[in-house]
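Dumped run.pdb below, it's PDB, C-alpha atoms:
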```pdb
ATOM      1  CA  MET A   1     -42.519  -7.641   5.584
ATOM      2  CA  LYS A   2     -40.666  -7.862   2.221
ATOM      3  CA  LYS A   3     -40.320  -4.085   2.172
ATOM      4  CA  ASN A   4     -38.709  -4.109   5.629
ATOM      5  CA  ILE A   5     -36.241  -6.809   4.556
ATOM      6  CA  ARG A   6     -35.347  -4.820   1.426
ATOM      7  CA  ILE A   7     -34.779  -1.647   3.465
ATOM      8  CA  PHE A   8     -32.687  -3.562   6.013
ATOM      9  CA  THR A   9     -30.612  -5.218   3.256
ATOM     10  CA  THR A  10     -30.028  -1.915   1.474
ATOM     11  CA  SER A  11     -29.008  -0.229   4.728
ATOM     12  CA  LEU A  12     -26.626  -3.071   5.529
ATOM     13  CA  LEU A  13     -24.988  -2.850   2.099
ATOM     14  CA  ILE A  14     -24.534   0.910   2.439
ATOM     15  CA  LEU A  15     -22.942   0.546   5.870
ATOM     16  CA  LEU A  16     -20.668  -2.209   4.614
ATOM     17  CA  SER A  17     -19.460  -0.133   1.660
ATOM     18  CA  ILE A  18     -18.798   2.863   3.937
ATOM     19  CA  GLY A  19     -16.784   0.653   6.273
ATOM     20  CA  ILE A  20     -14.714  -0.801   3.444
ATOM     21  CA  ASN A  21     -13.982   2.625   1.983
ATOM     22  CA  SER A  22     -12.895   4.055   5.333
ATOM     23  CA  CYS A  23     -10.441   1.170   5.826
ATOM     24  CA  ASN A  24      -8.936   1.705   2.395
ATOM     25  CA  ASN A  25      -6.914   4.839   3.141
ATOM     26  CA  GLN A  26      -5.146   5.220  -0.218
ATOM     27  CA  VAL A  27      -3.665   8.558  -1.363
ATOM     28  CA  LYS A  28      -1.238   9.978  -3.913
ATOM     29  CA  SER A  29       2.250  10.468  -2.523
ATOM     30  CA  SER A  30       1.957  14.192  -3.344
ATOM     31  CA  ASP A  31      -0.771  14.393  -0.648
ATOM     32  CA  LEU A  32       1.760  13.415   2.035
ATOM     33  CA  GLU A  33       4.506  15.312   3.823
ATOM     34  CA  ASP A  34       7.496  14.203   5.919
ATOM     35  CA  ARG A  35       8.276  15.661   9.305
ATOM     36  CA  VAL A  36      11.402  14.895  11.330
ATOM     37  CA  GLU A  37      10.551  13.849  14.877
ATOM     38  CA  ASN A  38      13.141  12.408  17.270
ATOM     39  CA  GLY A  39      15.473  11.662  14.360
ATOM     40  CA  LYS A  40      12.816   9.745  12.378
ATOM     41  CA  TYR A  41      10.922  10.747   9.274
ATOM     42  CA  ILE A  42       7.220  10.562  10.107
ATOM     43  CA  VAL A  43       4.718  10.881   7.252
ATOM     44  CA  TYR A  44       1.503  12.870   7.590
ATOM     45  CA  LYS A  45      -1.332  13.526   5.219
ATOM     46  CA  LYS A  46      -1.109  17.235   4.353
ATOM     47  CA  GLY A  47      -3.208  19.240   6.799
ATOM     48  CA  ASP A  48      -3.518  16.338   9.260
ATOM     49  CA  ASN A  49      -1.893  16.152  12.689
ATOM     50  CA  SER A  50      -2.021  12.359  13.030
ATOM     51  CA  PRO A  51       0.707  10.188  11.478
ATOM     52  CA  PHE A  52      -0.522   8.587   8.257
ATOM     53  CA  THR A  53      -1.629   4.951   8.207
ATOM     54  CA  GLY A  54      -2.559   3.634   4.786
ATOM     55  CA  VAL A  55      -1.235   3.286   1.249
ATOM     56  CA  SER A  56       0.374   5.894  -0.975
ATOM     57  CA  ILE A  57       0.894   5.640  -4.709
ATOM     58  CA  PRO A  58       3.611   7.732  -6.378
ATOM     59  CA  THR A  59       2.150  10.088  -8.958
ATOM     60  CA  GLY A  60       4.718   9.075 -11.579
ATOM     61  CA  ASN A  61       4.540   5.315 -10.923
ATOM     62  CA  PRO A  62       1.059   3.840 -10.412
ATOM     63  CA  ASN A  63       2.580   0.320 -10.327
ATOM     64  CA  MET A  64       4.182   1.023  -6.941
ATOM     65  CA  LYS A  65       2.568   1.258  -3.499
ATOM     66  CA  PHE A  66       3.993   2.273  -0.122
ATOM     67  CA  PHE A  67       2.290   0.990   3.035
ATOM     68  CA  TYR A  68       2.465   3.130   6.197
ATOM     69  CA  GLU A  69       1.697   2.439   9.838
ATOM     70  CA  SER A  70       1.763   5.358  12.265
ATOM     71  CA  GLY A  71       3.619   7.497   9.740
ATOM     72  CA  ILE A  72       6.428   5.033   9.029
ATOM     73  CA  VAL A  73       6.779   3.059   5.808
ATOM     74  CA  VAL A  74       6.586  -0.673   6.557
ATOM     75  CA  LYS A  75       6.332  -2.173   3.071
ATOM     76  CA  LYS A  76       6.687  -1.321  -0.610
ATOM     77  CA  GLU A  77       5.171  -3.280  -3.489
ATOM     78  CA  GLN A  78       6.093  -2.874  -7.127
ATOM     79  CA  VAL A  79       4.108  -4.751  -9.767
ATOM     80  CA  THR A  80       5.083  -5.196 -13.415
ATOM     81  CA  ASP A  81       2.568  -4.762 -16.209
ATOM     82  CA  ASN A  82       2.321  -8.553 -16.531
ATOM     83  CA  GLY A  83       1.837  -9.264 -12.817
ATOM     84  CA  TYR A  84       5.322  -9.922 -11.401
ATOM     85  CA  LYS A  85       5.745  -8.365  -7.951
ATOM     86  CA  CYS A  86       8.607  -7.215  -5.730
ATOM     87  CA  VAL A  87       7.799  -6.811  -2.021
ATOM     88  CA  THR A  88      10.234  -4.886   0.176
ATOM     89  CA  ILE A  89       9.855  -4.933   3.971
ATOM     90  CA  TYR A  90      11.238  -2.062   6.082
ATOM     91  CA  ASP A  91      12.423  -2.019   9.686
ATOM     92  CA  GLU A  92      10.704   0.043  12.389
ATOM     93  CA  ASP A  93      12.629   3.175  11.341
ATOM     94  CA  GLY A  94      11.386   2.904   7.757
ATOM     95  CA  ILE A  95      14.882   2.082   6.459
ATOM     96  CA  THR A  96      15.315  -0.865   4.124
ATOM     97  CA  LYS A  97      16.998  -3.897   5.674
ATOM     98  CA  GLN A  98      19.491  -5.950   3.694
ATOM     99  CA  ASN A  99      18.150  -9.033   1.859
ATOM    100  CA  ASN A 100      14.525  -8.245   2.604
ATOM    101  CA  GLN A 101      13.029  -8.301  -0.878
ATOM    102  CA  THR A 102      10.820 -11.114  -2.114
ATOM    103  CA  TYR A 103       9.923 -11.554  -5.773
ATOM    104  CA  TYR A 104       6.792 -13.223  -7.129
ATOM    105  CA  ASP A 105       5.766 -14.304 -10.613
ATOM    106  CA  ALA A 106       2.356 -13.576 -12.126
ATOM    107  CA  ASP A 107       0.908 -16.696 -10.439
ATOM    108  CA  GLY A 108       2.089 -15.648  -6.960
ATOM    109  CA  ASN A 109       4.998 -18.101  -6.822
ATOM    110  CA  ILE A 110       8.351 -16.928  -5.490
ATOM    111  CA  CYS A 111      10.809 -16.195  -8.288
ATOM    112  CA  THR A 112      14.290 -14.677  -8.627
ATOM    113  CA  GLN A 113      15.224 -11.024  -8.843
ATOM    114  CA  LYS A 114      16.508 -11.698 -12.363
ATOM    115  CA  GLU A 115      13.078 -13.036 -13.452
ATOM    116  CA  PHE A 116      11.357 -10.022 -11.883
ATOM    117  CA  LEU A 117      13.692  -7.519 -13.570
ATOM    118  CA  LYS A 118      13.303  -9.282 -16.916
ATOM    119  CA  ASN A 119       9.528  -8.741 -16.635
ATOM    120  CA  LEU A 120       9.862  -5.212 -15.243
ATOM    121  CA  TYR A 121      11.361  -3.825 -18.443
ATOM    122  CA  ASN A 122       9.547  -5.964 -21.039
TER     123      ASN A 122
END
```
Serialized structure, structure tokens:
Amino acid sequence: MKKNIRIFTTSLLILLSIGINSCNNQVKSSDLEDRVENGKYIVYKKGDNSPFTGVSIPTGNPNMKFFYESGIVVKKEQVTDNGYKCVTIYDEDGITKQNNQTYYDADGNICTQKEFLKNLYN
């Protein structure tokens, strides 16, 4: 009986880790390519025919992440070395809207752009 429970528990943990890894579709930005379709830039993973949904990280800036849904960027996050964060939300075309950035301090509280920039370069 104990052996069966151990096997079941191990199997469940393996399945759970596979499920978590498949949901975390994170790639380097160099693994993506833009295609123009109906006047929009749609992002695909190189060699894939389905628009990319997931997170890309620029090769030269590991503190930045771009979030994609159906090939269109919907959000960008930039984090300073000491935990300050800038979150930019994009419209449905993947073009930045005016006044759509929110800044957070290291504790997750909203702060000013000036505070964020001060921590970005320190």
query: Mind telling me what the PyMOL selection byres ((chain A and resi 112) around 12) catches here, as a PyMOL selection string?
result: chain A and resi 84-86+101-105+109-111+113-119
message: For a quick check of understanding, using all atoms listed in the file, which of A:Val55, A:Leu120, A:Ile89, A:Ile95 has the smallest distance to Glu69 of chain A?
response: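 When distances to Glu69 of chain A are compared using all atoms listed in the file, the smallest one comes from A:Val55.
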- request: Using atom CA of Val79 of chain A and atom CA of Val27 of chain A as the two end points, give the distance in Å to one decimal.
  value: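 About the pair atom CA of Val79 of chain A and atom CA of Val27 of chain A: they are 17.6 Å apart.
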query: Using all atoms listed in the file, which of A:Thr53, A:Asn61, A:Gln26, A:Thr80 sits nearest Ala106 of chain A?
result: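 Using all atoms listed in the file, Ala106 of chain A sits closest to A:Thr80.
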Å distance separating atom CA of Asn25 of chain A from atom CA of Gly83 of chain A, one decimal place: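 Atom-to-atom, atom CA of Asn25 of chain A to atom CA of Gly83 of chain A, that is 23.0 Å.
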- request: For the structure shown, which residues end up in the PyMOL selection byres ((chain A and resi 44) around 6)? Put them as a ChimeraX atom specification, please?
  value: /A:32-33,43,45,51-52
